[in-house]
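Novice: Sharing input-v6.cif, mmCIF, C-alpha atoms:
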```
data_data
loop_
_atom_site.label_atom_id
_atom_site.label_comp_id
_atom_site.auth_asym_id
_atom_site.auth_seq_id
_atom_site.Cartn_x
_atom_site.Cartn_y
_atom_site.Cartn_z
CA MET A 1 0.00 0.00 0.00
CA THR A 2 1.41 3.38 -1.00
CA ASP A 3 1.85 6.17 1.54
CA PRO A 4 -1.06 8.62 1.74
CA ARG A 5 -0.75 11.81 -0.25
CA PRO A 6 0.26 14.61 2.15
CA THR A 7 -1.95 17.37 0.75
CA LEU A 8 -5.53 17.65 -0.46
CA ARG A 9 -6.94 20.55 -2.47
CA ALA A 10 -10.64 20.50 -1.64
CA ALA A 11 -13.50 22.53 -3.09
CA LEU A 12 -16.48 23.25 -0.84
CA GLY A 13 -19.69 23.75 -2.80
CA GLN A 14 -22.33 25.78 -0.98
CA MET A 15 -25.79 25.34 -2.50
CA GLN A 16 -29.39 26.53 -2.32
CA SER A 17 -30.88 23.27 -3.48
CA ALA A 18 -34.15 23.20 -5.39
CA ASP A 19 -37.09 20.77 -5.31
CA THR A 20 -36.10 18.94 -8.53
CA HIS A 21 -33.12 16.78 -9.38
CA ALA A 22 -32.59 18.56 -12.69
CA ALA A 23 -32.09 22.01 -11.18
CA ASN A 24 -29.58 20.70 -8.65
CA ILE A 25 -27.67 18.71 -11.24
CA ALA A 26 -27.33 21.90 -13.28
CA THR A 27 -25.86 23.70 -10.27
CA VAL A 28 -23.39 20.91 -9.52
CA ARG A 29 -22.24 20.85 -13.14
CA VAL A 30 -21.14 24.47 -12.74
CA LEU A 31 -19.50 23.82 -9.35
CA ALA A 32 -17.62 20.79 -10.69
CA GLN A 33 -16.29 22.77 -13.65
CA GLN A 34 -15.16 25.57 -11.33
CA ALA A 35 -13.52 23.07 -8.98
CA ALA A 36 -11.65 21.40 -11.84
CA ASP A 37 -10.54 24.77 -13.24
CA ALA A 38 -9.15 25.66 -9.78
CA GLY A 39 -7.13 22.44 -9.62
CA ALA A 40 -9.22 20.72 -6.95
CA ASP A 41 -8.65 17.09 -6.07
CA MET A 42 -12.12 16.76 -4.52
CA LEU A 43 -15.49 18.51 -4.56
CA CYS A 44 -17.65 18.39 -1.41
CA LEU A 45 -21.40 19.09 -1.54
CA PRO A 46 -24.08 19.71 1.15
CA GLU A 47 -26.79 17.58 2.67
CA VAL A 48 -29.82 17.06 0.36
CA ALA A 49 -27.74 18.44 -2.51
CA GLY A 50 -29.67 16.28 -4.96
CA LEU A 51 -33.21 17.07 -3.84
CA MET A 52 -34.71 19.33 -1.18
CA ASN A 53 -38.45 18.83 -1.21
CA ARG A 54 -40.59 18.59 1.93
CA ASN A 55 -43.78 18.05 -0.10
CA ALA A 56 -44.24 14.38 0.74
CA GLU A 57 -46.45 13.54 -2.24
CA LEU A 58 -44.21 15.24 -4.79
CA ALA A 59 -41.03 13.85 -3.23
CA ARG A 60 -42.48 10.35 -3.41
CA THR A 61 -42.74 10.70 -7.21
CA GLN A 62 -39.07 11.69 -7.46
CA VAL A 63 -37.15 9.56 -4.98
CA VAL A 64 -35.80 6.26 -6.25
CA ALA A 65 -33.30 3.63 -5.09
CA ALA A 66 -29.67 4.77 -4.99
CA GLU A 67 -28.68 2.70 -8.03
CA HIS A 68 -31.27 4.57 -10.12
CA ASP A 69 -30.87 8.04 -8.60
CA PRO A 70 -30.23 10.70 -11.28
CA PHE A 71 -28.22 12.97 -8.99
CA ILE A 72 -25.79 10.24 -7.95
CA ALA A 73 -25.44 9.23 -11.61
CA ALA A 74 -24.69 12.83 -12.58
CA CYS A 75 -22.03 13.14 -9.86
CA ARG A 76 -20.40 9.94 -11.12
CA ASP A 77 -20.33 11.31 -14.66
CA LEU A 78 -18.85 14.62 -13.48
CA ALA A 79 -16.16 12.82 -11.49
CA VAL A 80 -15.02 11.05 -14.65
CA ARG A 81 -15.29 14.14 -16.85
CA HIS A 82 -13.20 16.32 -14.54
CA GLY A 83 -10.94 13.72 -12.90
CA LEU A 84 -12.35 14.74 -9.49
CA TRP A 85 -13.27 12.88 -6.36
CA ILE A 86 -16.76 14.00 -5.33
CA GLN A 87 -18.32 13.72 -1.90
CA GLY A 88 -21.88 14.15 -3.09
CA GLY A 89 -23.23 15.59 0.16
CA SER A 90 -26.41 13.58 0.49
CA THR A 91 -29.63 13.00 -1.37
CA PRO A 92 -32.85 11.14 -0.45
CA VAL A 93 -33.09 7.64 -1.87
CA LEU A 94 -35.66 4.90 -1.43
CA GLY A 95 -34.83 2.37 1.27
CA PRO A 96 -35.83 -1.30 1.40
CA ASP A 97 -38.76 -0.71 3.78
CA GLY A 98 -40.34 2.00 1.61
CA ARG A 99 -39.07 4.89 3.70
CA PHE A 100 -36.41 7.27 2.42
CA LEU A 101 -32.73 7.16 3.42
CA ASN A 102 -30.64 10.31 3.75
CA HIS A 103 -27.86 8.88 1.63
CA ALA A 104 -24.26 10.08 1.20
CA THR A 105 -21.78 8.87 -1.40
CA LEU A 106 -18.04 9.22 -1.91
CA ILE A 107 -17.11 8.89 -5.59
CA ASP A 108 -13.58 8.53 -6.93
CA ASP A 109 -12.10 10.09 -10.06
CA THR A 110 -13.08 7.08 -12.18
CA GLY A 111 -16.75 7.53 -11.24
CA ALA A 112 -16.85 4.54 -8.89
CA VAL A 113 -18.83 4.82 -5.65
CA VAL A 114 -16.09 4.12 -3.10
CA ALA A 115 -18.40 4.30 -0.08
CA SER A 116 -21.96 5.15 0.86
CA TYR A 117 -23.53 6.09 4.17
CA ASP A 118 -27.07 6.50 5.47
CA LYS A 119 -27.58 9.17 8.13
CA ILE A 120 -27.75 7.51 11.54
CA HIS A 121 -29.09 10.32 13.73
CA LEU A 122 -32.34 11.83 12.45
CA PHE A 123 -33.40 15.42 13.12
CA ASP A 124 -36.46 15.09 15.36
CA VAL A 125 -36.63 18.36 17.32
CA ALA A 126 -39.05 20.94 18.68
CA LEU A 127 -37.51 24.40 18.40
CA ASP A 128 -39.12 27.34 20.20
CA GLY A 129 -41.49 29.25 17.93
CA GLN A 130 -41.40 26.63 15.15
CA ALA A 131 -43.43 23.60 14.19
CA PRO A 132 -41.77 20.32 15.26
CA ILE A 133 -39.34 18.86 12.74
CA GLY A 134 -39.54 15.09 12.41
CA GLU A 135 -37.05 13.66 9.92
CA SER A 136 -37.96 10.15 11.09
CA LYS A 137 -41.51 10.56 9.76
CA ARG A 138 -40.22 9.94 6.25
CA PHE A 139 -36.66 8.69 6.72
CA ALA A 140 -35.30 5.47 8.18
CA PRO A 141 -32.08 5.74 10.20
CA GLY A 142 -28.85 4.20 9.03
CA THR A 143 -27.13 1.62 11.21
CA ARG A 144 -23.52 1.69 9.95
CA ALA A 145 -20.71 4.15 10.61
CA VAL A 146 -18.52 4.38 7.50
CA LEU A 147 -14.80 5.02 7.05
CA ALA A 148 -13.46 5.00 3.47
CA ASP A 149 -9.89 4.55 2.31
CA THR A 150 -8.72 7.26 -0.09
CA PRO A 151 -5.33 8.26 -1.56
CA TRP A 152 -5.09 10.83 1.27
CA GLY A 153 -5.92 8.44 4.09
CA PRO A 154 -9.14 7.18 5.72
CA MET A 155 -12.09 9.59 5.58
CA ALA A 156 -15.30 9.47 7.62
CA LEU A 157 -18.79 9.97 6.26
CA SER A 158 -21.45 11.69 8.39
CA ILE A 159 -24.40 14.03 7.84
CA CYS A 160 -25.61 17.16 9.65
CA TYR A 161 -27.38 16.20 12.92
CA ASP A 162 -24.78 13.44 13.41
CA MET A 163 -22.41 16.20 14.55
CA ARG A 164 -24.18 16.39 17.93
CA PHE A 165 -23.11 12.83 18.77
CA ALA A 166 -19.46 13.03 19.74
CA TYR A 167 -19.13 9.28 20.31
CA LEU A 168 -19.59 8.66 16.56
CA TYR A 169 -16.65 10.88 15.63
CA ARG A 170 -14.45 9.51 18.42
CA ALA A 171 -15.00 6.00 17.10
CA LEU A 172 -14.20 7.11 13.55
CA ALA A 173 -11.05 8.93 14.67
CA GLN A 174 -9.87 5.96 16.71
CA ALA A 175 -10.38 3.84 13.59
CA GLY A 176 -7.99 6.15 11.71
CA ALA A 177 -10.05 8.94 10.12
CA VAL A 178 -7.91 11.92 9.09
CA LEU A 179 -10.93 13.88 7.85
CA ALA A 180 -14.68 13.91 8.46
CA PHE A 181 -17.27 15.07 5.95
CA VAL A 182 -20.28 16.74 7.57
CA PRO A 183 -22.58 17.87 4.71
CA SER A 184 -25.43 19.82 6.26
CA ALA A 185 -28.67 21.77 5.88
CA PHE A 186 -28.78 23.56 9.24
CA THR A 187 -31.73 25.67 10.35
CA VAL A 188 -31.02 29.37 10.81
CA SER A 189 -31.75 29.39 14.56
CA THR A 190 -29.59 26.39 15.39
CA GLY A 191 -26.95 27.47 12.90
CA ARG A 192 -26.54 30.85 14.55
CA ALA A 193 -26.20 29.25 17.98
CA HIS A 194 -24.45 25.92 17.43
CA TRP A 195 -23.00 25.38 13.95
CA GLU A 196 -19.43 26.60 14.30
CA VAL A 197 -18.88 25.56 17.91
CA LEU A 198 -20.04 21.98 17.31
CA LEU A 199 -17.92 21.52 14.20
CA ARG A 200 -14.82 22.99 15.84
CA ALA A 201 -15.37 20.70 18.83
CA ARG A 202 -15.57 17.63 16.60
CA ALA A 203 -12.35 18.62 14.78
CA ILE A 204 -10.51 19.17 18.07
CA GLU A 205 -11.77 15.95 19.64
CA MET A 206 -10.86 13.93 16.56
CA GLY A 207 -7.58 15.68 15.85
CA ALA A 208 -8.75 15.66 12.25
CA PHE A 209 -9.94 17.94 9.47
CA VAL A 210 -13.66 18.64 9.10
CA LEU A 211 -15.23 19.64 5.79
CA ALA A 212 -18.82 20.80 6.21
CA ALA A 213 -20.44 21.92 2.96
CA ALA A 214 -23.82 23.50 3.69
CA GLN A 215 -27.12 24.61 2.25
CA SER A 216 -27.87 28.34 2.42
CA GLY A 217 -30.78 30.70 1.90
CA THR A 218 -34.50 30.36 1.16
CA HIS A 219 -35.35 27.23 -0.81
CA ALA A 220 -38.10 26.45 -3.30
CA ASP A 221 -39.89 24.29 -0.70
CA GLY A 222 -39.95 27.20 1.78
CA ARG A 223 -37.17 26.13 4.11
CA GLU A 224 -34.39 28.48 5.20
CA THR A 225 -30.87 27.27 5.89
CA TRP A 226 -27.89 28.84 7.63
CA GLY A 227 -25.04 28.46 5.13
CA HIS A 228 -21.55 29.23 6.43
CA SER A 229 -19.91 26.12 4.97
CA LEU A 230 -16.78 25.50 7.05
CA ALA A 231 -13.37 23.89 6.68
CA ILE A 232 -11.65 23.30 10.03
CA ASP A 233 -8.19 21.97 10.83
CA PRO A 234 -7.23 19.42 13.54
CA TRP A 235 -6.41 22.21 16.01
CA GLY A 236 -9.91 23.67 15.63
CA ARG A 237 -8.90 26.59 13.41
CA VAL A 238 -11.43 27.73 10.81
CA LEU A 239 -9.77 27.63 7.40
CA ALA A 240 -12.81 28.81 5.43
CA ASP A 241 -16.24 30.25 6.27
CA MET A 242 -18.35 30.76 3.15
CA GLY A 243 -20.94 33.12 4.61
CA GLN A 244 -24.43 32.92 3.19
CA ASP A 245 -24.17 33.42 -0.58
CA ALA A 246 -25.19 30.42 -2.69
CA PRO A 247 -24.34 28.80 -4.95
CA GLN A 248 -20.62 29.39 -4.59
CA LEU A 249 -17.32 27.55 -4.30
CA ALA A 250 -14.40 27.88 -1.86
CA MET A 251 -10.99 26.25 -2.21
CA VAL A 252 -9.00 24.97 0.77
CA ASP A 253 -5.57 23.37 0.80
CA LEU A 254 -5.20 20.77 3.55
CA ASP A 255 -1.82 19.67 4.93
CA LEU A 256 -2.78 16.23 6.19
CA GLN A 257 0.44 15.89 8.19
CA ARG A 258 -1.17 18.24 10.70
CA VAL A 259 -3.40 15.35 11.82
CA ALA A 260 -0.46 13.38 13.21
CA GLN A 261 1.02 16.55 14.68
CA ALA A 262 -2.18 17.41 16.56
CA ARG A 263 -2.64 13.86 17.84
CA ALA A 264 1.00 13.64 18.99
CA GLN A 265 0.61 16.81 21.06
CA ILE A 266 -2.71 15.80 22.65
CA PRO A 267 -3.10 12.00 22.36
CA ALA A 268 -6.59 12.01 23.89
CA LEU A 269 -7.76 9.31 21.50
CA THR A 270 -5.54 6.84 23.39
CA HIS A 271 -6.56 7.94 26.88
CA ASP A 272 -9.90 6.18 27.31
CA ARG A 273 -10.54 4.97 30.85
CA ALA A 274 -13.22 2.63 32.13
CA PHE A 275 -15.40 4.16 34.83
CA THR A 276 -18.56 3.64 36.77
CA LEU A 277 -21.30 6.23 37.19
CA ASP A 278 -22.42 6.82 40.77
CA HIS A 279 -25.71 8.69 41.16
CA ILE A 280 -25.65 10.15 44.65
CA THR A 281 -29.13 10.75 46.00
CA ARG A 282 -30.28 12.45 49.21
#
```
Kindly transcribe the structure held in the file into structure tokens.
Specialist:
Amino acid sequence: MTDPRPTLRAALGQMQSADTHAANIATVRVLAQQAADAGADMLCLPEVAGLMNRNAELARTQVVAAEHDPFIAACRDLAVRHGLWIQGGSTPVLGPDGRFLNHATLIDDTGAVVASYDKIHLFDVALDGQAPIGESKRFAPGTRAVLADTPWGPMALSICYDMRFAYLYRALAQAGAVLAFVPSAFTVSTGRAHWEVLLRARAIEMGAFVLAAAQSGTHADGRETWGHSLAIDPWGRVLADMGQDAPQLAMVDLDLQRVAQARAQIPALTHDRAFTLDHITR
């Protein structure tokens, strides 16, 4: 096995995804061309990059199994055309029980799907002043954490609300992840309060890079998302914050040797201790 490549030139694609596959494919075609022109090795897209449609009846007419999904097929074609790796964010696909899966793919520069991941933690919340959000009403949860080998080292797949579950990222880091993808479609209220601090915490805890491409703005289905796609290094430093304009592209150059440097300084991933929990009552 060859040594991992020490640097990765990544393109973060911030989107304002529409309620049809065709419109989103058109946007990603432009982003992929821009990424290739800028010399990117990899393009990273947001959560629900392929389809953002909360109209259940209309979505049901559009969502198909992953092997037939037009957005995934388009990303595979673009990877070949431009010689790019593409982390396709996520897109809804039809699962085996009839519910949707929030499905992420990592595609190599030959167009092969290297790894796929179904979002484990679903966004079922009740925010003050808003109607409850229940992702699990239409989506089934995934059951597998996924780490994919790449020419730059092992990379972890995750999606949005997963970021609130630190144990997932610790397990992925202890398994060797040098980078975590966190494609997202954060609400404005939670984005303003929690987005950056959670992502920086995950990068610090892992001692790894985090690439979080995000949705931004007011969407065709009426939702509003926070934007501010972030790239963060293993020390928790923000390398890129894309603000709220969409669609747009940002380039970041990652020195992957900084992962080993961060972990050597603070080897917390090797310091697990068994403990008991005593609940003291009066």
Novice: Give as an MDAnalysis selection string the residues that the PyMOL selection byres ((chain A and resi 108-124) around 7) matches when applied to the coordinates above.
Specialist: chainID A and resid 76:77 79:80 83:86 101:107 125 133:136 141:143 146 148 157:159 161:162
Novice: Using all atoms listed in the file, can you tell me which of A:Phe71, A:Phe275, A:Trp195, A:Phe186 comes closest to Ser90 in chain A?
Specialist: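 Residue with the minimum atom-to-atom distance to Ser90 in chain A: A:Phe71.
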Novice: Please write as a compact mmCIF listing (two decimals) with C-alpha atoms, in the frame of the given file the full residue list that the PyMOL selection byres ((chain A and resi 14) around 6) yields on this file.
Specialist:
```txt
# COMPACT_ATOMS: atom_id res chain seq x y z
CA GLY A 13 -19.69 23.75 -2.80
CA MET A 15 -25.79 25.34 -2.50
CA ALA A 213 -20.44 21.92 2.96
CA ALA A 214 -23.82 23.50 3.69
CA GLN A 215 -27.12 24.61 2.25
CA ALA A 246 -25.19 30.42 -2.69
CA PRO A 247 -24.34 28.80 -4.95
CA GLN A 248 -20.62 29.39 -4.59
```
Novice: Extract, using all atoms listed in the file, all DNA, RNA and protein residues at most 7 Å from Val188 in chain A, discarding same-chain residues fewer than 2 positions from it, and format them as JSON, numbers by chain.
Specialist: {"A": [186, 190, 191, 192, 224, 225, 226]}
Novice: On this file, the PyMOL selection byres ((chain A and resi 21-38) around 9) gives some set of residues; write that set as a PyMOL selection string.
Specialist: chain A and resi 10-13+15-20+39-43+45+49-52+62+70-71+74-75+78-79+82-84+86+247-251
Novice: If the box runs along x, y and z of the file and leaves 6 Å on each side of range 227-235 of chain A, what are its centre and edge lengths in Å, one decimal, as JSON?
Specialist:
```
{"center_x": -15.7, "center_y": 24.3, "center_z": 10.5, "size_x": 30.6, "size_y": 21.8, "size_z": 23.0}
```
Novice: My list of candidates is A:Asp253, A:Asp245, A:Asp221, A:Glu47. Which is closest to Ala59 in chain A when distances are computed with all atoms listed in the file?
Specialist: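 Closest to Ala59 in chain A, using all atoms listed in the file: A:Asp221.
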Novice: Output requested as a PDB file, in the frame of the given file - range 104-124 of chain A, filled out with N, CA and C atoms.
Specialist:
```pdb
ATOM      1  N   ALA A 104     -25.494   9.420   1.632  1.00  0.00           N
ATOM      2  CA  ALA A 104     -24.260  10.080   1.200  1.00  0.00           C
ATOM      3  C   ALA A 104     -23.418   9.129   0.375  1.00  0.00           C
ATOM      4  N   THR A 105     -22.695   9.672  -0.591  1.00  0.00           N
ATOM      5  CA  THR A 105     -21.780   8.870  -1.400  1.00  0.00           C
ATOM      6  C   THR A 105     -20.426   9.545  -1.490  1.00  0.00           C
ATOM      7  N   LEU A 106     -19.388   8.743  -1.589  1.00  0.00           N
ATOM      8  CA  LEU A 106     -18.040   9.220  -1.910  1.00  0.00           C
ATOM      9  C   LEU A 106     -17.648   8.544  -3.211  1.00  0.00           C
ATOM     10  N   ILE A 107     -17.341   9.361  -4.219  1.00  0.00           N
ATOM     11  CA  ILE A 107     -17.110   8.890  -5.590  1.00  0.00           C
ATOM     12  C   ILE A 107     -15.672   9.223  -5.977  1.00  0.00           C
ATOM     13  N   ASP A 108     -14.962   8.256  -6.550  1.00  0.00           N
ATOM     14  CA  ASP A 108     -13.580   8.530  -6.930  1.00  0.00           C
ATOM     15  C   ASP A 108     -13.503   9.116  -8.338  1.00  0.00           C
ATOM     16  N   ASP A 109     -12.281   9.389  -8.791  1.00  0.00           N
ATOM     17  CA  ASP A 109     -12.100  10.090 -10.060  1.00  0.00           C
ATOM     18  C   ASP A 109     -12.310   9.204 -11.282  1.00  0.00           C
ATOM     19  N   THR A 110     -12.660   7.936 -11.069  1.00  0.00           N
ATOM     20  CA  THR A 110     -13.080   7.080 -12.180  1.00  0.00           C
ATOM     21  C   THR A 110     -14.599   6.952 -12.242  1.00  0.00           C
ATOM     22  N   GLY A 111     -15.300   7.599 -11.300  1.00  0.00           N
ATOM     23  CA  GLY A 111     -16.750   7.530 -11.240  1.00  0.00           C
ATOM     24  C   GLY A 111     -17.281   6.390 -10.397  1.00  0.00           C
ATOM     25  N   ALA A 112     -16.403   5.648  -9.737  1.00  0.00           N
ATOM     26  CA  ALA A 112     -16.850   4.540  -8.890  1.00  0.00           C
ATOM     27  C   ALA A 112     -17.310   5.064  -7.530  1.00  0.00           C
ATOM     28  N   VAL A 113     -18.378   4.491  -7.009  1.00  0.00           N
ATOM     29  CA  VAL A 113     -18.830   4.820  -5.650  1.00  0.00           C
ATOM     30  C   VAL A 113     -17.945   4.025  -4.687  1.00  0.00           C
ATOM     31  N   VAL A 114     -17.044   4.735  -4.027  1.00  0.00           N
ATOM     32  CA  VAL A 114     -16.090   4.120  -3.100  1.00  0.00           C
ATOM     33  C   VAL A 114     -16.778   3.724  -1.801  1.00  0.00           C
ATOM     34  N   ALA A 115     -17.708   4.569  -1.335  1.00  0.00           N
ATOM     35  CA  ALA A 115     -18.400   4.300  -0.080  1.00  0.00           C
ATOM     36  C   ALA A 115     -19.733   5.025  -0.084  1.00  0.00           C
ATOM     37  N   SER A 116     -20.686   4.478   0.664  1.00  0.00           N
ATOM     38  CA  SER A 116     -21.960   5.150   0.860  1.00  0.00           C
ATOM     39  C   SER A 116     -22.357   5.048   2.321  1.00  0.00           C
ATOM     40  N   TYR A 117     -23.173   5.993   2.750  1.00  0.00           N
ATOM     41  CA  TYR A 117     -23.530   6.090   4.170  1.00  0.00           C
ATOM     42  C   TYR A 117     -24.943   6.619   4.283  1.00  0.00           C
ATOM     43  N   ASP A 118     -25.721   6.025   5.181  1.00  0.00           N
ATOM     44  CA  ASP A 118     -27.070   6.500   5.470  1.00  0.00           C
ATOM     45  C   ASP A 118     -27.071   7.154   6.847  1.00  0.00           C
ATOM     46  N   LYS A 119     -27.594   8.368   6.905  1.00  0.00           N
ATOM     47  CA  LYS A 119     -27.580   9.170   8.130  1.00  0.00           C
ATOM     48  C   LYS A 119     -28.144   8.383   9.308  1.00  0.00           C
ATOM     49  N   ILE A 120     -27.362   8.293  10.372  1.00  0.00           N
ATOM     50  CA  ILE A 120     -27.750   7.510  11.540  1.00  0.00           C
ATOM     51  C   ILE A 120     -28.703   8.286  12.443  1.00  0.00           C
ATOM     52  N   HIS A 121     -28.342   9.525  12.755  1.00  0.00           N
ATOM     53  CA  HIS A 121     -29.090  10.320  13.730  1.00  0.00           C
ATOM     54  C   HIS A 121     -30.046  11.255  12.985  1.00  0.00           C
ATOM     55  N   LEU A 122     -31.334  11.071  13.184  1.00  0.00           N
ATOM     56  CA  LEU A 122     -32.340  11.830  12.450  1.00  0.00           C
ATOM     57  C   LEU A 122     -32.815  13.033  13.247  1.00  0.00           C
ATOM     58  N   PHE A 123     -33.131  14.107  12.535  1.00  0.00           N
ATOM     59  CA  PHE A 123     -33.400  15.420  13.120  1.00  0.00           C
ATOM     60  C   PHE A 123     -34.869  15.497  13.555  1.00  0.00           C
ATOM     61  N   ASP A 124     -35.128  15.031  14.759  1.00  0.00           N
ATOM     62  CA  ASP A 124     -36.460  15.090  15.360  1.00  0.00           C
ATOM     63  C   ASP A 124     -36.393  16.062  16.526  1.00  0.00           C
TER      64      ASP A 124
END
```
